[in-house]
Structure formats: C-alpha cells, structure tokens
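Text of final.txt (compact mmCIF, C-alpha atoms) as supplied:
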```txt
# COMPACT_ATOMS: atom_id res chain seq x y z
CA MET A 208 -78.05 12.52 3.80
CA GLY A 209 -75.77 13.84 6.51
CA THR A 210 -75.73 10.54 8.38
CA THR A 211 -74.85 8.63 5.21
CA ILE A 212 -71.89 10.90 4.58
CA GLN A 213 -70.64 10.65 8.17
CA ILE A 214 -70.93 6.85 8.20
CA LEU A 215 -69.10 6.65 4.86
CA ALA A 216 -66.36 8.86 6.33
CA ALA A 217 -66.07 6.57 9.36
CA PHE A 218 -65.94 3.50 7.11
CA LEU A 219 -63.26 4.98 4.83
CA PHE A 220 -61.21 6.04 7.86
CA THR A 221 -61.39 2.50 9.22
CA LEU A 222 -60.31 1.07 5.88
CA GLY A 223 -57.35 3.46 5.78
CA LEU A 224 -56.39 2.54 9.34
CA LEU A 225 -56.60 -1.16 8.50
CA THR A 226 -54.49 -0.60 5.38
CA VAL A 227 -51.78 1.13 7.41
CA ILE A 228 -51.80 -1.64 10.03
CA VAL A 229 -51.99 -4.72 7.80
CA ARG A 230 -50.21 -3.98 4.53
CA ARG A 231 -46.43 -4.12 4.23
CA ASN A 232 -45.82 -2.32 0.97
CA SER A 233 -44.78 1.26 1.77
CA ILE A 234 -46.62 2.78 -1.20
CA ILE A 235 -49.86 1.15 -0.07
CA LEU A 236 -49.16 2.49 3.44
CA LEU A 237 -49.01 6.01 2.00
CA MET A 238 -52.26 5.33 0.14
CA GLY A 239 -53.87 4.35 3.44
CA ILE A 240 -52.78 7.67 4.93
CA GLU A 241 -54.31 9.48 1.95
CA LEU A 242 -57.52 7.52 2.43
CA MET A 243 -57.70 8.57 6.09
CA LEU A 244 -57.14 12.22 5.15
CA ASN A 245 -59.85 11.92 2.51
CA ALA A 246 -62.25 10.47 5.07
CA ALA A 247 -61.54 13.37 7.43
CA ASN A 248 -62.20 15.79 4.55
CA LEU A 249 -65.51 14.11 3.82
CA SER A 250 -66.53 14.39 7.45
CA LEU A 251 -65.55 18.09 7.56
CA VAL A 252 -67.51 18.91 4.43
CA GLY A 253 -70.52 16.98 5.68
CA PHE A 254 -70.59 18.81 8.99
CA SER A 255 -69.92 22.14 7.31
CA GLN A 256 -72.92 21.58 5.06
CA TYR A 257 -75.04 20.34 7.94
CA LEU A 258 -74.31 23.35 10.15
CA SER A 259 -74.58 25.90 7.28
CA GLN A 260 -71.03 27.11 7.72
CA VAL A 261 -68.14 27.67 5.34
CA ASN A 262 -65.18 27.22 7.70
CA GLY A 263 -65.05 23.45 7.26
CA GLN A 264 -64.57 23.83 3.52
CA VAL A 265 -61.68 26.25 4.02
CA GLN A 266 -60.17 23.65 6.33
CA VAL A 267 -60.62 20.98 3.65
CA PHE A 268 -58.83 23.23 1.16
CA PHE A 269 -55.84 23.43 3.51
CA VAL A 270 -55.90 19.70 4.25
CA ILE A 271 -55.83 18.85 0.53
CA THR A 272 -52.82 21.15 0.07
CA ILE A 273 -50.96 19.55 2.96
CA ALA A 274 -51.88 16.06 1.68
CA ALA A 275 -50.33 16.87 -1.68
CA ALA A 276 -47.13 18.08 0.02
CA GLU A 277 -47.10 15.03 2.29
CA SER A 278 -47.40 12.54 -0.54
CA ALA A 279 -44.65 14.28 -2.53
CA ILE A 280 -42.27 14.17 0.44
CA GLY A 281 -43.28 10.61 1.33
CA LEU A 282 -42.68 9.33 -2.17
CA SER A 283 -39.29 11.01 -2.42
CA ILE A 284 -38.35 9.35 0.90
CA LEU A 285 -39.49 6.06 -0.63
CA VAL A 286 -37.22 6.68 -3.64
CA ASN A 287 -34.30 6.99 -1.23
CA ILE A 288 -35.33 3.84 0.65
CA TYR A 289 -35.55 1.96 -2.64
CA ARG A 290 -32.06 3.15 -3.62
CA ASN A 291 -30.61 1.90 -0.33
CA PHE A 292 -32.47 -1.36 0.20
CA SER A 293 -33.71 -2.22 -3.34
CA THR A 294 -37.09 -2.94 -1.78
CA ILE A 295 -39.83 -0.95 -0.08
CA ASN A 296 -41.31 -3.81 1.90
CA THR A 297 -41.41 -2.70 5.52
CA ASP A 298 -40.19 -6.14 6.68
CA HIS A 299 -36.87 -5.79 4.85
CA THR A 300 -36.13 -2.10 5.32
CA VAL A 301 -34.68 -2.53 8.80
CA THR A 302 -31.24 -1.58 10.00
CA LEU A 303 -31.75 -1.69 13.75
CA LYS A 304 -31.34 -5.09 15.37
CA GLY A 305 -33.84 -6.48 17.78
CA MET B 254 -89.33 16.43 -1.93
CA ASP B 255 -88.93 14.09 -4.87
CA ASN B 256 -85.74 15.92 -5.78
CA LEU B 257 -84.37 15.44 -2.27
CA ALA B 258 -85.21 11.74 -2.35
CA THR B 259 -83.34 11.37 -5.65
CA LEU B 260 -80.37 13.18 -4.13
CA ASN B 261 -80.38 10.84 -1.16
CA ILE B 262 -80.45 7.79 -3.41
CA MET B 263 -77.59 9.16 -5.53
CA ILE B 264 -75.50 9.89 -2.43
CA THR B 265 -76.15 6.40 -1.09
CA ILE B 266 -75.13 4.82 -4.40
CA PHE B 267 -71.95 6.89 -4.51
CA ALA B 268 -71.19 6.02 -0.89
CA VAL B 269 -71.61 2.29 -1.53
CA MET B 270 -69.37 2.51 -4.60
CA ALA B 271 -66.73 4.42 -2.63
CA GLY B 272 -66.84 1.78 0.11
CA ILE B 273 -66.42 -1.02 -2.44
CA CYS B 274 -63.45 0.80 -4.00
CA GLY B 275 -61.91 1.20 -0.53
CA ILE B 276 -62.25 -2.53 0.13
CA VAL B 277 -60.62 -3.22 -3.26
CA MET B 278 -57.76 -0.94 -2.23
CA LEU B 279 -57.32 -2.78 1.06
CA LEU B 280 -57.41 -6.31 -0.35
CA ALA B 281 -55.66 -5.93 -3.72
CA LYS B 282 -52.54 -7.98 -4.33
CA GLN B 283 -50.95 -5.64 -6.86
CA PRO B 284 -50.03 -2.07 -5.85
CA LEU B 285 -51.50 -0.77 -9.11
CA THR B 286 -54.89 -2.29 -8.27
CA SER B 287 -54.68 -0.62 -4.89
CA ALA B 288 -53.96 2.70 -6.58
CA LEU B 289 -56.96 2.27 -8.87
CA GLY B 290 -59.14 1.49 -5.85
CA LEU B 291 -57.96 4.67 -4.15
CA LEU B 292 -58.66 6.56 -7.38
CA GLY B 293 -62.22 5.20 -7.34
CA VAL B 294 -62.68 6.31 -3.74
CA LEU B 295 -61.46 9.83 -4.57
CA LEU B 296 -63.67 10.09 -7.66
CA PHE B 297 -66.82 8.96 -5.85
CA THR B 298 -66.02 11.29 -2.96
CA ALA B 299 -65.73 14.13 -5.46
CA GLY B 300 -69.12 13.07 -6.81
CA ILE B 301 -70.62 13.29 -3.32
CA TYR B 302 -69.11 16.77 -2.86
CA GLY B 303 -70.67 17.84 -6.12
CA LEU B 304 -74.04 16.37 -5.20
CA ILE B 305 -74.29 18.21 -1.89
CA GLY B 306 -73.41 21.49 -3.59
CA GLU B 307 -69.74 21.98 -2.67
CA HIS B 308 -68.61 22.58 -6.24
CA PHE B 309 -65.27 24.20 -5.46
CA ILE B 310 -64.17 21.39 -3.14
CA ALA B 311 -65.30 18.82 -5.73
CA THR B 312 -63.15 20.51 -8.37
CA ILE B 313 -60.13 20.69 -6.06
CA GLN B 314 -60.64 17.04 -5.17
CA LEU B 315 -60.65 16.07 -8.85
CA VAL B 316 -57.69 18.22 -9.86
CA VAL B 317 -55.37 17.77 -6.88
CA TYR B 318 -56.27 14.39 -5.41
CA ALA B 319 -57.52 12.35 -8.35
CA GLY B 320 -55.19 14.16 -10.74
CA ALA B 321 -51.87 15.13 -9.24
CA ILE B 322 -51.51 12.82 -6.24
CA MET B 323 -52.72 9.70 -8.02
CA VAL B 324 -50.41 10.36 -10.98
CA LEU B 325 -47.56 10.66 -8.47
CA PHE B 326 -48.51 7.35 -6.86
CA ILE B 327 -48.90 5.45 -10.12
CA PHE B 328 -45.65 6.95 -11.44
CA SER B 329 -43.85 5.77 -8.30
CA ILE B 330 -45.31 2.27 -8.56
CA MET B 331 -44.04 2.01 -12.11
CA LEU B 332 -40.68 3.51 -11.11
CA PHE B 333 -40.12 0.98 -8.34
CA ASN B 334 -41.08 -1.91 -10.63
CA LEU B 335 -42.17 -4.14 -7.78
CA LYS B 336 -42.21 -7.78 -8.66
CA SER B 337 -42.28 -9.87 -5.52
CA ASN B 338 -44.90 -8.91 -3.02
CA GLU B 339 -45.84 -12.40 -1.95
CA HIS B 340 -45.18 -11.52 1.67
CA ASP B 341 -47.54 -8.60 1.60
CA ALA B 342 -50.64 -8.67 3.80
CA ARG B 343 -49.87 -12.04 5.32
CA ARG B 344 -49.31 -11.26 8.92
CA LYS B 345 -49.56 -13.89 11.61
CA MET B 346 -53.09 -14.77 12.60
CA PRO B 347 -53.22 -13.21 16.12
CA LEU B 348 -51.88 -9.92 14.74
CA LEU B 349 -54.43 -9.94 11.93
CA ILE B 350 -57.27 -10.63 14.34
CA GLY B 351 -55.97 -7.93 16.68
CA SER B 352 -55.80 -5.31 13.93
CA LEU B 353 -59.27 -6.28 12.73
CA ALA B 354 -60.53 -5.91 16.30
CA VAL B 355 -58.91 -2.46 16.63
CA ALA B 356 -60.36 -1.28 13.32
CA GLY B 357 -63.77 -2.73 14.12
CA GLY B 358 -63.73 -1.03 17.51
CA VAL B 359 -62.88 2.33 15.96
CA PHE B 360 -65.60 1.94 13.34
CA GLY B 361 -68.18 0.81 15.89
CA LEU B 362 -67.44 3.71 18.23
CA LEU B 363 -67.58 6.24 15.38
CA VAL B 364 -70.88 4.92 14.02
CA ALA B 365 -72.44 4.68 17.47
CA THR B 366 -71.45 8.29 18.20
CA ILE B 367 -72.78 9.49 14.84
CA LEU B 368 -76.10 7.69 15.18
CA LYS B 369 -76.58 8.83 18.75
CA TYR B 370 -75.55 12.48 18.59
CA PHE B 371 -75.93 13.55 14.95
CA GLU B 372 -79.25 15.33 15.16
CA THR B 373 -78.87 17.03 18.51
CA PRO B 374 -81.15 20.02 19.08
CA LEU B 375 -78.12 22.02 20.22
CA ALA B 376 -76.48 21.80 16.81
CA LEU B 377 -79.65 22.67 14.94
CA ALA B 378 -80.65 25.50 17.27
CA SER B 379 -77.98 27.92 16.02
CA PRO B 380 -77.10 27.17 12.38
CA GLY B 381 -74.45 29.25 10.65
CA SER B 382 -75.20 32.06 8.28
CA PHE B 383 -74.35 30.18 5.07
CA SER B 384 -77.34 28.04 4.24
CA ARG B 385 -77.65 26.70 0.74
CA GLN B 386 -80.10 29.44 -0.21
CA THR B 387 -77.81 32.17 1.15
CA ILE B 388 -74.80 30.80 -0.72
CA SER B 389 -76.84 30.71 -3.91
CA ASP B 390 -77.97 34.31 -3.36
CA LEU B 391 -74.42 35.50 -2.64
CA GLY B 392 -73.19 34.22 -6.01
CA GLY B 393 -72.30 30.56 -5.55
CA ASN B 394 -70.11 28.28 -3.53
CA SER B 395 -66.77 29.30 -5.07
CA LEU B 396 -67.38 33.01 -4.52
CA VAL B 397 -68.33 32.58 -0.87
CA LEU B 398 -65.40 30.26 -0.24
CA ALA B 399 -62.92 32.58 -1.97
CA HIS B 400 -64.20 35.55 0.02
CA SER B 401 -63.78 33.66 3.27
CA LEU B 402 -60.35 32.40 2.20
CA PHE B 403 -58.93 35.80 1.29
CA THR B 404 -60.34 37.79 4.20
CA GLN B 405 -60.87 35.72 7.32
CA HIS B 406 -58.29 32.99 6.65
CA PHE B 407 -55.70 35.02 4.79
CA ILE B 408 -52.81 34.35 7.22
CA SER B 409 -53.49 30.61 7.10
CA PHE B 410 -53.51 30.76 3.32
CA GLU B 411 -50.10 32.42 3.23
CA ALA B 412 -48.73 29.95 5.78
CA ILE B 413 -49.96 27.04 3.66
CA SER B 414 -48.28 28.48 0.59
CA LEU B 415 -45.02 28.72 2.57
CA ALA B 416 -45.45 25.08 3.65
CA LEU B 417 -45.91 24.06 0.02
CA LEU B 418 -42.73 25.90 -0.96
CA ILE B 419 -40.79 24.14 1.82
CA ALA B 420 -42.22 20.78 0.71
CA LEU B 421 -41.14 21.49 -2.87
CA VAL B 422 -37.57 22.28 -1.83
CA GLY B 423 -37.52 19.31 0.54
CA ALA B 424 -38.68 16.87 -2.13
CA VAL B 425 -36.00 18.07 -4.55
CA VAL B 426 -33.27 17.85 -1.88
CA LEU B 427 -34.38 14.37 -0.80
CA ALA B 428 -34.55 13.05 -4.32
CA LYS B 429 -31.13 14.40 -5.36
CA ARG B 430 -29.26 13.48 -2.21
CA ARG B 431 -26.87 10.53 -2.12
CA PHE B 432 -26.82 8.72 1.20
CA GLU B 433 -23.78 6.72 2.19
```

Full structure transcribed into structure tokens:
Amino acid sequence: MGTTIQILAAFLFTLGLLTVIVRRNSIILLMGIELMLNAANLSLVGFSQYLSQVNGQVQVFFVITIAAAESAIGLSILVNIYRNFSTINTDHTVTLKG
Amino acid sequence: MDNLATLNIMITIFAVMAGICGIVMLLAKQPLTSALGLLGVLLFTAGIYGLIGEHFIATIQLVVYAGAIMVLFIFSIMLFNLKSNEHDARRKMPLLIGSLAVAGGVFGLLVATILKYFETPLALASPGSFSRQTISDLGGNSLVLAHSLFTQHFISFEAISLALLIALVGAVVLAKRRFE
C-alpha cells in the first residue's frame, strides 16, 4: 500500500517534470507545476501515514494553500503576457535577442 | 485481512487511473483536454487520500484543488481562446530524447530508492504516536489535524494566511495594471 502510493507519487512527479520541459503552452506549464506539487503532497501523506505521524498532513495543508496562491498569481501573469503578446506560447513570448 | 486486500486493490486501481489521467494531460493536443486530465489526477488522488483514512486532506483536495484551482485554469483557457497550438509539443528530436532521458532518470532513481529503502527497520522501530487506531480513539482525522494545526503549527498557520492575503493583493494589482 505504501509502496504503491510512493511509486505513483514518483510517476506523477516525472509526468509533471516532462510536461514542464516538453510543452510550450504556458497554461499547460502551470498545470505541470501543479501536478508536481500534487505528487509531493501524495508522497508526504503516504509517509505521514506510514510513520504514524500527523506533521506531514499539516505540511500538505500548507502546500495546498500555497499552490492555490501560486496558480492565481501565475494565471494573472499569463493574462498580462496575453495582453502584451496576444499569445502565451513560450516560443513567441520573447523580447530578449539571442 | 480480506478488508486490507480489498483496500490494496482499490488503491492500485486508483493509482493506475491517476497515472493514465497524467499521461492524458501530458500528451493532449488541446489545453482543455490537458485540464481535464489534471482534474482526473486530482480526483483520483483525493480518492486515495480518502481510502487511506486522511479524510480532511481528501476534502481539502476536492474543494481547493479540484474545485477552485481547476475552475481557475479552465476559466483562463476559455478567456485566452487559444486557437493555434500546432507548434506545441513538437520540439526537435535530440531535445525530446534528452528530456525523456532526464525524466526517465529521475523516475528510475526515485523508484529504485523507494524499493530499496522503503521498509527499513530504522523507520519502523520508532513509529509516531498517531497510529490509525489512536486517531480513531481521539475523535477522527480532522480533530487530530485541527488540534495539531492550532497548537503546534499556529505560527505557520498565521504566516500562511498572510501569504494568501499578499497573493490576493498581488493578483488584483497584476490583473489591473497596464504595462507600456
């Protein structure tokens, strides 16, 4: 049971990492970050259950709060990027040369 | 014992479904399909939390993640009205292979570490004081968690609430601001 949860957390983290590396749509990039945070939460809850402690769950509570704040800020930054560039593709939202 | 076996099977099914939803999120062409894949991952993760007895975290996961954050994402996708994403996810071949190698390396290292060190005697020798039976005797998962949150972690709780307030103000300022 514990091993299943930890392996799922590792798999979801890898998928989130791959999403952030490969995809070019900024919204999907943010979703990859959320997926990685979710995987970390799953791992924390699994270990907290496994070691009969409650601290990991408190940590997960905080992480979920920060994830909500992060996605709100990230999406409002994306709104600004869309206003300036009329696209959110990371290939086109460049102003520096080189 | 039969109950535990059923629980293991349920957790495995939920884990497989969550993995499939994650792959859908990674490979989907449309952003909305990606969002629905992420929603599936969050829902199945909440199911796993509920199955292993973390009811409060499961509820928070459903309300905050699968509710608020996903609504925000889907609302943004519809706001941006993205039409052309034909360039998405088509990197050059060496880069794609390199990123796959990096991700595979991370996954392999994580799984190898988990399988090798998960059931160490050191971890099992001194378990914490909140076993499932103790939590049930003390009045349930939410009660124990709330007690820990408002006594031991009270300063952190207040700091997090301050961070949320700052994020709220920041989001409003960013959304209303006109850049040159």

| message | My list of candidates is A:Ala276, A:Ala216, A:Ile288, A:Ile295. Which is closest to Leu418 (chain B) when distances are computed with all atoms listed in the file? | response | A:Ala276

| message | One number please: CA of Ile240 (chain A) to CA of Ala321 (chain B), in Å, one decimal. | response |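 So the answer is 16.0 Å.
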
Quick one: residues within 9 Å of region 223-230 of chain A, only C-alpha atoms counted, chain neighbours fewer than 3 positions away excluded, as a PDB file with C-alpha atoms, keeping the file's coordinate frame?
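The resulting file, out01.pdb, is reproduced below:
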```pdb
ATOM      1  CA  PHE A 218     -65.940   3.500   7.110  1.00  0.00           C
ATOM      2  CA  LEU A 219     -63.260   4.980   4.830  1.00  0.00           C
ATOM      3  CA  PHE A 220     -61.210   6.040   7.860  1.00  0.00           C
ATOM      4  CA  SER A 233     -44.780   1.260   1.770  1.00  0.00           C
ATOM      5  CA  ILE A 235     -49.860   1.150  -0.070  1.00  0.00           C
ATOM      6  CA  LEU A 236     -49.160   2.490   3.440  1.00  0.00           C
ATOM      7  CA  LEU A 237     -49.010   6.010   2.000  1.00  0.00           C
ATOM      8  CA  MET A 238     -52.260   5.330   0.140  1.00  0.00           C
ATOM      9  CA  GLY A 239     -53.870   4.350   3.440  1.00  0.00           C
ATOM     10  CA  ILE A 240     -52.780   7.670   4.930  1.00  0.00           C
ATOM     11  CA  GLU A 241     -54.310   9.480   1.950  1.00  0.00           C
ATOM     12  CA  LEU A 242     -57.520   7.520   2.430  1.00  0.00           C
ATOM     13  CA  MET A 243     -57.700   8.570   6.090  1.00  0.00           C
ATOM     14  CA  LEU A 244     -57.140  12.220   5.150  1.00  0.00           C
ATOM     15  CA  ALA A 246     -62.250  10.470   5.070  1.00  0.00           C
ATOM     16  CA  THR A 297     -41.410  -2.700   5.520  1.00  0.00           C
TER      17      THR A 297
ATOM     18  CA  GLY B 275     -61.910   1.200  -0.530  1.00  0.00           C
ATOM     19  CA  MET B 278     -57.760  -0.940  -2.230  1.00  0.00           C
ATOM     20  CA  LEU B 279     -57.320  -2.780   1.060  1.00  0.00           C
ATOM     21  CA  LEU B 280     -57.410  -6.310  -0.350  1.00  0.00           C
ATOM     22  CA  ASP B 341     -47.540  -8.600   1.600  1.00  0.00           C
ATOM     23  CA  ALA B 342     -50.640  -8.670   3.800  1.00  0.00           C
ATOM     24  CA  ARG B 343     -49.870 -12.040   5.320  1.00  0.00           C
ATOM     25  CA  ARG B 344     -49.310 -11.260   8.920  1.00  0.00           C
ATOM     26  CA  LEU B 348     -51.880  -9.920  14.740  1.00  0.00           C
ATOM     27  CA  LEU B 349     -54.430  -9.940  11.930  1.00  0.00           C
ATOM     28  CA  SER B 352     -55.800  -5.310  13.930  1.00  0.00           C
ATOM     29  CA  LEU B 353     -59.270  -6.280  12.730  1.00  0.00           C
ATOM     30  CA  VAL B 355     -58.910  -2.460  16.630  1.00  0.00           C
ATOM     31  CA  ALA B 356     -60.360  -1.280  13.320  1.00  0.00           C
TER      32      ALA B 356
END
```

| message | Between B:Phe383, B:Phe309, B:Phe328, B:Tyr370, which residue has the minimum interatomic distance to chain A, considering only C-alpha atoms? | response |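 Closest residue, counting only C-alpha atoms: B:Phe383.
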
| message | From the options A:Ile280, A:Ala247, A:Val252, A:Leu222, which residue's atoms come nearest to Leu304 (chain B), counting only C-alpha atoms? | response | A:Val252

| query | Could you name the residues that touch Phe268 (chain A) at 9 Å or less, counting all atoms listed in the file, but leaving out those on the same chain fewer than 5 positions away, as a PyMOL selection string? | reply | (chain A and resi 248+263+273) or (chain B and resi 310+313)

| task | Compile the contact shell of Thr300 (chain A) as a PyMOL selection string: residues with an atom at most 12 Å away, counting only C-alpha atoms, same-chain residues fewer than 4 positions apart removed. | result | chain A and resi 231-233+285+287-296+304

| message | Need the shell around region 305-308 of chain B: protein/DNA/RNA residues with any atom at most 9 Å away, counting only C-alpha atoms. Skip same-chain ones fewer than 2 positions apart. Format as number ranges by chain? | response | A: 208, 252-253, 256, 264; B: 260, 264, 299-303, 310-313, 385, 393-395

Store the residues picked out above in a file with C-alpha atoms, as an mmCIF file, in the frame of the given file.
```
data_model
loop_
_atom_site.group_PDB
_atom_site.id
_atom_site.type_symbol
_atom_site.label_atom_id
_atom_site.label_comp_id
_atom_site.auth_asym_id
_atom_site.auth_seq_id
_atom_site.Cartn_x
_atom_site.Cartn_y
_atom_site.Cartn_z
ATOM 1 C CA MET A 208 -78.050 12.520 3.800
ATOM 2 C CA VAL A 252 -67.510 18.910 4.430
ATOM 3 C CA GLY A 253 -70.520 16.980 5.680
ATOM 4 C CA GLN A 256 -72.920 21.580 5.060
ATOM 5 C CA GLN A 264 -64.570 23.830 3.520
ATOM 6 C CA LEU B 260 -80.370 13.180 -4.130
ATOM 7 C CA ILE B 264 -75.500 9.890 -2.430
ATOM 8 C CA ALA B 299 -65.730 14.130 -5.460
ATOM 9 C CA GLY B 300 -69.120 13.070 -6.810
ATOM 10 C CA ILE B 301 -70.620 13.290 -3.320
ATOM 11 C CA TYR B 302 -69.110 16.770 -2.860
ATOM 12 C CA GLY B 303 -70.670 17.840 -6.120
ATOM 13 C CA ILE B 310 -64.170 21.390 -3.140
ATOM 14 C CA ALA B 311 -65.300 18.820 -5.730
ATOM 15 C CA THR B 312 -63.150 20.510 -8.370
ATOM 16 C CA ILE B 313 -60.130 20.690 -6.060
ATOM 17 C CA ARG B 385 -77.650 26.700 0.740
ATOM 18 C CA GLY B 393 -72.300 30.560 -5.550
ATOM 19 C CA ASN B 394 -70.110 28.280 -3.530
ATOM 20 C CA SER B 395 -66.770 29.300 -5.070
#
```

| request: State, in Å with one decimal place, the distance from CA of Tyr257 (chain A) to CA of Gly381 (chain B). | output: 9.3 Å

| task | Work out how far CA of Thr211 (chain A) is from CA of Leu285 (chain B), in Å to one decimal. | result | 29.0 Å

| message | My list of candidates is A:Thr221, A:Gln266, A:Ser255, A:Thr302. Which is closest to chain B when distances are computed with all atoms listed in the file? | response |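 Looking only at the distances to chain B, the closest residue turns out to be A:Thr221.
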
| Top pick for closest residue to chain B, considering A:Ser259, A:Val270, A:Gly281, A:Ser250 and counting only C-alpha atoms | A:Ser259

| message | Just want the 8 Å neighbourhood of region 361-367 of chain B, counted on only C-alpha atoms, with same-chain residues fewer than 2 positions away dropped. Output as JSON, numbers by chain. | response | {"A": [210, 213, 214, 217], "B": [357, 358, 359, 369, 370, 371]}

| task | Choose the residue, out of A:Ile284, A:Ala275, A:Leu303, A:Val265, that has the smallest atom-to-atom separation from Ser329 (chain B); count only C-alpha atoms. | result | A:Ile284

Pull region 277-289 of chain B out of the block and emit N, CA, C and O atoms, as a JSON list (two decimals), in the first residue's frame.
```json
[["chain", "number", "residue", "atom", "x", "y", "z"],
["B", 277, "VAL", "N", -2.60, 11.39, -20.14],
["B", 277, "VAL", "CA", -3.51, 12.16, -21.00],
["B", 277, "VAL", "C", -3.18, 13.64, -20.93],
["B", 277, "VAL", "O", -3.12, 14.34, -21.94],
["B", 278, "MET", "N", -2.89, 14.13, -19.69],
["B", 278, "MET", "CA", -2.56, 15.54, -19.53],
["B", 278, "MET", "C", -1.29, 15.88, -20.28],
["B", 278, "MET", "O", -1.19, 16.93, -20.91],
["B", 279, "LEU", "N", -0.31, 14.98, -20.25],
["B", 279, "LEU", "CA", 0.97, 15.27, -20.91],
["B", 279, "LEU", "C", 0.81, 15.29, -22.42],
["B", 279, "LEU", "O", 1.38, 16.15, -23.09],
["B", 280, "LEU", "N", 0.02, 14.37, -22.98],
["B", 280, "LEU", "CA", 0.01, 14.18, -24.43],
["B", 280, "LEU", "C", -1.10, 14.92, -25.15],
["B", 280, "LEU", "O", -1.10, 14.93, -26.38],
["B", 281, "ALA", "N", -2.04, 15.53, -24.42],
["B", 281, "ALA", "CA", -3.22, 16.09, -25.08],
["B", 281, "ALA", "C", -2.85, 17.27, -25.97],
["B", 281, "ALA", "O", -1.98, 18.06, -25.65],
["B", 282, "LYS", "N", -3.53, 17.36, -27.10],
["B", 282, "LYS", "CA", -3.30, 18.47, -28.01],
["B", 282, "LYS", "C", -3.96, 19.75, -27.51],
["B", 282, "LYS", "O", -3.35, 20.81, -27.52],
["B", 283, "GLN", "N", -5.22, 19.61, -27.08],
["B", 283, "GLN", "CA", -5.97, 20.79, -26.64],
["B", 283, "GLN", "C", -5.68, 21.09, -25.18],
["B", 283, "GLN", "O", -5.57, 20.17, -24.37],
["B", 284, "PRO", "N", -5.56, 22.37, -24.80],
["B", 284, "PRO", "CA", -5.36, 22.70, -23.39],
["B", 284, "PRO", "C", -6.50, 22.24, -22.49],
["B", 284, "PRO", "O", -6.26, 21.85, -21.35],
["B", 285, "LEU", "N", -7.73, 22.24, -23.04],
["B", 285, "LEU", "CA", -8.87, 21.82, -22.21],
["B", 285, "LEU", "C", -8.77, 20.34, -21.88],
["B", 285, "LEU", "O", -9.08, 19.92, -20.75],
["B", 286, "THR", "N", -8.31, 19.53, -22.82],
["B", 286, "THR", "CA", -8.12, 18.10, -22.54],
["B", 286, "THR", "C", -7.06, 17.91, -21.46],
["B", 286, "THR", "O", -7.19, 17.06, -20.59],
["B", 287, "SER", "N", -6.00, 18.72, -21.55],
["B", 287, "SER", "CA", -4.97, 18.67, -20.51],
["B", 287, "SER", "C", -5.56, 18.99, -19.15],
["B", 287, "SER", "O", -5.26, 18.32, -18.16],
["B", 288, "ALA", "N", -6.41, 20.04, -19.12],
["B", 288, "ALA", "CA", -7.02, 20.43, -17.84],
["B", 288, "ALA", "C", -7.88, 19.31, -17.29],
["B", 288, "ALA", "O", -7.87, 19.04, -16.08],
["B", 289, "LEU", "N", -8.62, 18.62, -18.19],
["B", 289, "LEU", "CA", -9.47, 17.52, -17.71],
["B", 289, "LEU", "C", -8.62, 16.36, -17.21],
["B", 289, "LEU", "O", -8.98, 15.68, -16.25]]
```
